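Shown next, in structure tokens, is the structure this report addresses.
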Amino acid sequence: MTLTKTLLASAATLGLMAGVAAAEPALIFDLGGKFDKSFNEAAYAGAERWKAETGGTYKELEMQSEAQREQALRRLAETGVNPIVMTGFAFGEVLNKIAGDYPDTKFVIIDTVVEQPNVQSNVFNEGEGSYLAGIMAANASKTGTVGFIGGMDVPLIHKFECGFRQGFLAAKPDGKVLVNYTGTTPAAWNDPVKGGELAKAQKSQGADVIYAAAGGTGIGVLQAAADEGILSIGVDSNQNHLHPGKVLTSVVKRVDNAVYDAFKAGEAVEPGVKVWDVKSDGVVVAMDDNNKPLVTPEMTAVVEDARTKIASGEIVVHDYMTDNTCPVD
Amino acid sequence: MDKMPKWVDVILTPVISLLLAAAISALVILAIGESPWEALKTMVTGALGSSYGWGFTLYYTTNFIFTGLAVAVAYHAALFNIGGEGQAGLGGLGVALVCLFIPWPHWTLALLGAMLGAAAFGAAWAYIPAILQAKRGSHIVITTIMFNFIAAALLNWALVRWLRPVGSMDPASANFPPSTHLPKISDIFARFGIEWGTHTPANVTFLIALLACVAVWLLIWRTRLGYEIRAFGKSETAARYAGISPVRITVITMLISGGLAGLMAINNVMGEAERLVLNSVEGAGFIGIAVALMGRNHPVGVLLAALLFGFLYQGGGELALWTSIPRELIIVIQALVILFTGALDNMVRMPLERFFTARRLRNRA
């Protein structure tokens with residue numbers, strides 16, 4: 001965390017530098033923290049990729065409490081950084097409130113839509129990615145029962161769950177999806193022990209593929225599944241390498257690309273809504289050497305088929321967020 | 001036994017305790033390779049150095065006054081209410097329902113309605129542990145802390161499945177209508193042409209918190225009920241002998257305590273966020289315990305201790321935002337303050353007592 005020093009130093013030199021160099025971009029991580037092996041870390045990876053390629057520098061902040069959000073955004077905007085990228089829907093309200101006060105600053109938000117002339121909103125269609133994972137799970141499952149383990153019980157995770165169930169049931173209409181959520185407090189994002197217990201409980205009910213959409217809790221799910229000799233599906237970042245040959249695939253959100261693109265565009269970032277879906281390769285199911293032995297040619301064929309159909313609009317994955325319900329309940 | 005002068009008791013002792021806590025905190029900061037002087041400077045300028053810092057400090061202070069008073073009132077009846085977190089959370093639900101579903105013509109009326117809602121929901125959440133304690137003897141420490149978790153689950157359900165607008169990603173209620181928005185302290189100053197604390201969350205609730213301090217003082221030391229509460233707290237058997245019903249006092253005290261904790265929601269839910277978010281209390285319920293301990297369960301003490309913790313909270317936030325000292329260290333500093341002023345109080349008090357008694361005896365001789 002060299003931010004402070006950079007910040008203090010730059011605060012002092014800002015007066016001298018003003019107008020000389022192009023403004024630095026900034027990245028704000030949400031409460032989960034920079035190294036959550038998942039969402040925030042993907043954003044960090046994108047920023048680091050930009051840094052390595054361009055040799056530029058950026059500012060970063062980690063959030064600590066709810067009331068700080070506005071404070072941090074305003075102070076950052078006042079230091080002249082541009083654009084300001086923030087990860088997480090929790091910034092939505094605050095950004096909507098303050099964006100108008102800094103018309104010359106561009107803001108980029110990930111995971112929710114903020115309709116302001118100087119804001120770019122990046123939303124991911126996790127449901128579509130989860131749909132593909134559901135199809136793979138249906139193909140890999142021998143028992144006909146698969147599991148879903150969510151982190152905290154919030155709408156975003158219901159979106160994952162709903163897509164997964166739709167995909168699985170489309171390929172195996174008489175199959176069964178077991179659903180568990182880890183908890184109702186933010187601690188549910190980081191409870192690998194409970195994740196492992198839930199995975200074992202689902203296995204005892206017959207599940208042989210378990211999809212974890214649970215942040216740090218998922219690490220425990222993947223571990224328990226590998227120990228119990230069943231398959232798991234990772235989320236957000238590519239987690240196939242955590243247990244080679246035991247993780248069927250990972251539903252990857254290219255948050256890194258979103259951050260990278262925003263940093264690369266700099267002050268010229270396009271305002272508006274940017275949708276990252278299966279069609280634009282914004283959400284993908286990860287295929288690499290680690291899961292190669294698990295993915296049969298037949299499985300590749302059905303997934304590829306579903307992918308093209310989703311991209312062409314032939315298959316429409318119902319989005320939980322549009323009406324807070326899932327058609328396959 | 002001779003007593004030490006009053007100023008030593010109420011001023012010198014906590015100040016020395018604070019200095020000790022600060023000294024050890026400084027050592028910890030040194031140990032992680034940062035400058036304690038810079039840290040102190042960041043905290044003081046960040047929290048007290050500008051009207052902007054004060055705006056945040058007073059906002060946090062307001063939260064802590066309510067939760068501190070809640071613990072203090074219960075403490076006078078020898079009840080240890082550590083459920084402030086859940087009661088304040090439920091108070092938030094009360095505020096949200098009042099603000100969302102009743103069309104208020106003006107913020108003053110909305111404020112009164114929301115206060116009723118907040119206090120009623122907070123009190124209701126304290127009522128169940130109170131009844132369990134009074135009738136069944138289930139220990140209030142256990143039940144209130146368990147009720148915090150139930151409150152978290154209930155709020156999660158309410159926000160995810162019920163109050164959340166369709167299509168919103170955020171587990172939060174809709175925004176409250178503008179007629180329920182409370183004036184910020186900055187707005188009040190702006191009316192007189194003074195620019196003070198623009199964009200800070202401190203709002204009129206701070207004044208209500210001050211009134212609550214006065215009300216609690218009147219209640220505890222100037223009313224018959226307050227006398228009964230204190231008598232019950234000092235000795236249950238004596239109170240019973242004097243005709244005070246333990247069930248009645250336990251329940252009433254906990255209702256007042258829960259209501260005070262619930263009132264905090266006026267500040268954070270109605271005053272700041274203007275909607276109900278998940279985890280809106282953010283630990284203020286627990287800090288209230290420290291505030292009450294440090295304030296010796298007296299409203300003035302609670303006010304001062306709340307101000308201190310408001311300073312630590314805002315200064316700590318600044319420290320975490322703008323220096324590389326991690327936020328966890330702020331918790332260490334807060335813990336040290338609690339340790340020295342609460343748990344290790346006698347460590348400072350007893351030598352002082354000995355010193356002053358000895359001096360007085362010498363003077364007399």
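Identifiers in this document derive from the order of the structure tokens: chains are assigned A, B, ..., residues are numbered from 1 separately in each chain, and ligands are numbered from 1 in order of occurrence.
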So that I can check the surroundings of Ala212 (chain A), please list as number ranges by chain every protein, DNA and RNA residue that reaches within 9 Å of it, counting only C-alpha atoms and ignoring chain neighbours fewer than 6 positions away. A: 147-151, 195, 218-219, 221-222, 232-235
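Summary of the local environment: counting only C-alpha atoms, residues at most 10 Å from Ser17 (chain B), other than itself and those fewer than 2 positions away along its chain, are Leu12, Thr13, Pro14, Val15, Leu19, Leu20, Ala21, Ala22, Ala23, Leu336, Val337, Ile338, Leu339, Phe340, Thr341, Gly342, Leu344, Asp345, Asn346, Met347, Val348 and Arg349 of chain B.
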Using only C-alpha atoms, which residues of region 119-217 of chain A come within 7 Å of region 277-281 of chain A, and what is the closest atom pair for each, with the distance in Å to one decimal? Give it as CSV, sorted by chain and residue number.
```
residue,atom,partner,partner_atom,distance
A:Phe124,CA,A:Asp277,CA,5.9
A:Asn125,CA,A:Asp277,CA,4.9
A:Glu128,CA,A:Val278,CA,6.3
A:Gly129,CA,A:Val278,CA,6.5
```
Could the residues in this selection be saved with N, CA and C atoms as a short mmCIF file (atom, residue, chain, number, x, y, z; two decimals), in the first residue's frame?
```
data_model
loop_
_atom_site.label_atom_id
_atom_site.label_comp_id
_atom_site.auth_asym_id
_atom_site.auth_seq_id
_atom_site.Cartn_x
_atom_site.Cartn_y
_atom_site.Cartn_z
N PHE A 124 -22.31 -6.99 -16.18
CA PHE A 124 -21.98 -8.32 -16.68
C PHE A 124 -23.22 -9.18 -16.68
N ASN A 125 -23.37 -9.99 -17.70
CA ASN A 125 -24.50 -10.89 -17.71
C ASN A 125 -24.07 -12.24 -17.15
N GLU A 128 -25.91 -15.59 -18.10
CA GLU A 128 -25.57 -16.34 -19.31
C GLU A 128 -24.36 -17.25 -19.09
N GLY A 129 -23.35 -16.71 -18.41
CA GLY A 129 -22.17 -17.54 -18.12
C GLY A 129 -22.54 -18.72 -17.25
#
```
At most 9 Å to chain A: residues in chain B, only C-alpha atoms, as JSON, numbers by chain: {"B": [149, 152, 153, 154, 155, 156, 157, 159, 160, 161, 166, 167, 168, 169, 170, 171, 199, 200, 201, 268, 272, 273, 278, 279, 280, 282, 317, 320, 321, 322, 323, 324, 325, 327]}
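Near Glu228 (chain A), within 12 Å and counting only C-alpha atoms, sit A:Gly196, A:Glu197, A:Ala199, A:Lys200, A:Ala201, A:Gln202, A:Lys203, A:Ser204, A:Gly206, A:Ala207, A:Asp208, A:Val209, A:Ile210, A:Val221, A:Leu222, A:Gln223, A:Ala224, A:Ser232, A:Lys246; same-chain residues fewer than 4 positions away were not included.
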Tell me, as a VMD selection string, which residues lie within 12 Å of Gly94 (chain B), counting only C-alpha atoms; anything in the same chain fewer than 5 positions away does not count. chain B and resid 87 to 89 99 to 102 113 to 125 155 158 259 262 to 266 269 to 270 275 to 276
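Close contacts of Phe356 (chain B), defined as residues with an atom at most 9 Å away when counting only C-alpha atoms, with chain neighbours fewer than 2 positions off set aside, comprise Lys3, Met4, Pro5, Val8, Pro351, Leu352, Glu353, Arg354, Ala358, Arg359, Arg360 and Leu361 of chain B.
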Pull the strand (DSSP E or B) assignments for region 61-272 of chain A out of DSSP run on the backbone, and list those residues as an MDAnalysis selection string. chainID A and resid 61:62 84:87 107:110 119:124 145:152 176:183 209:213 231:236 247:253 272
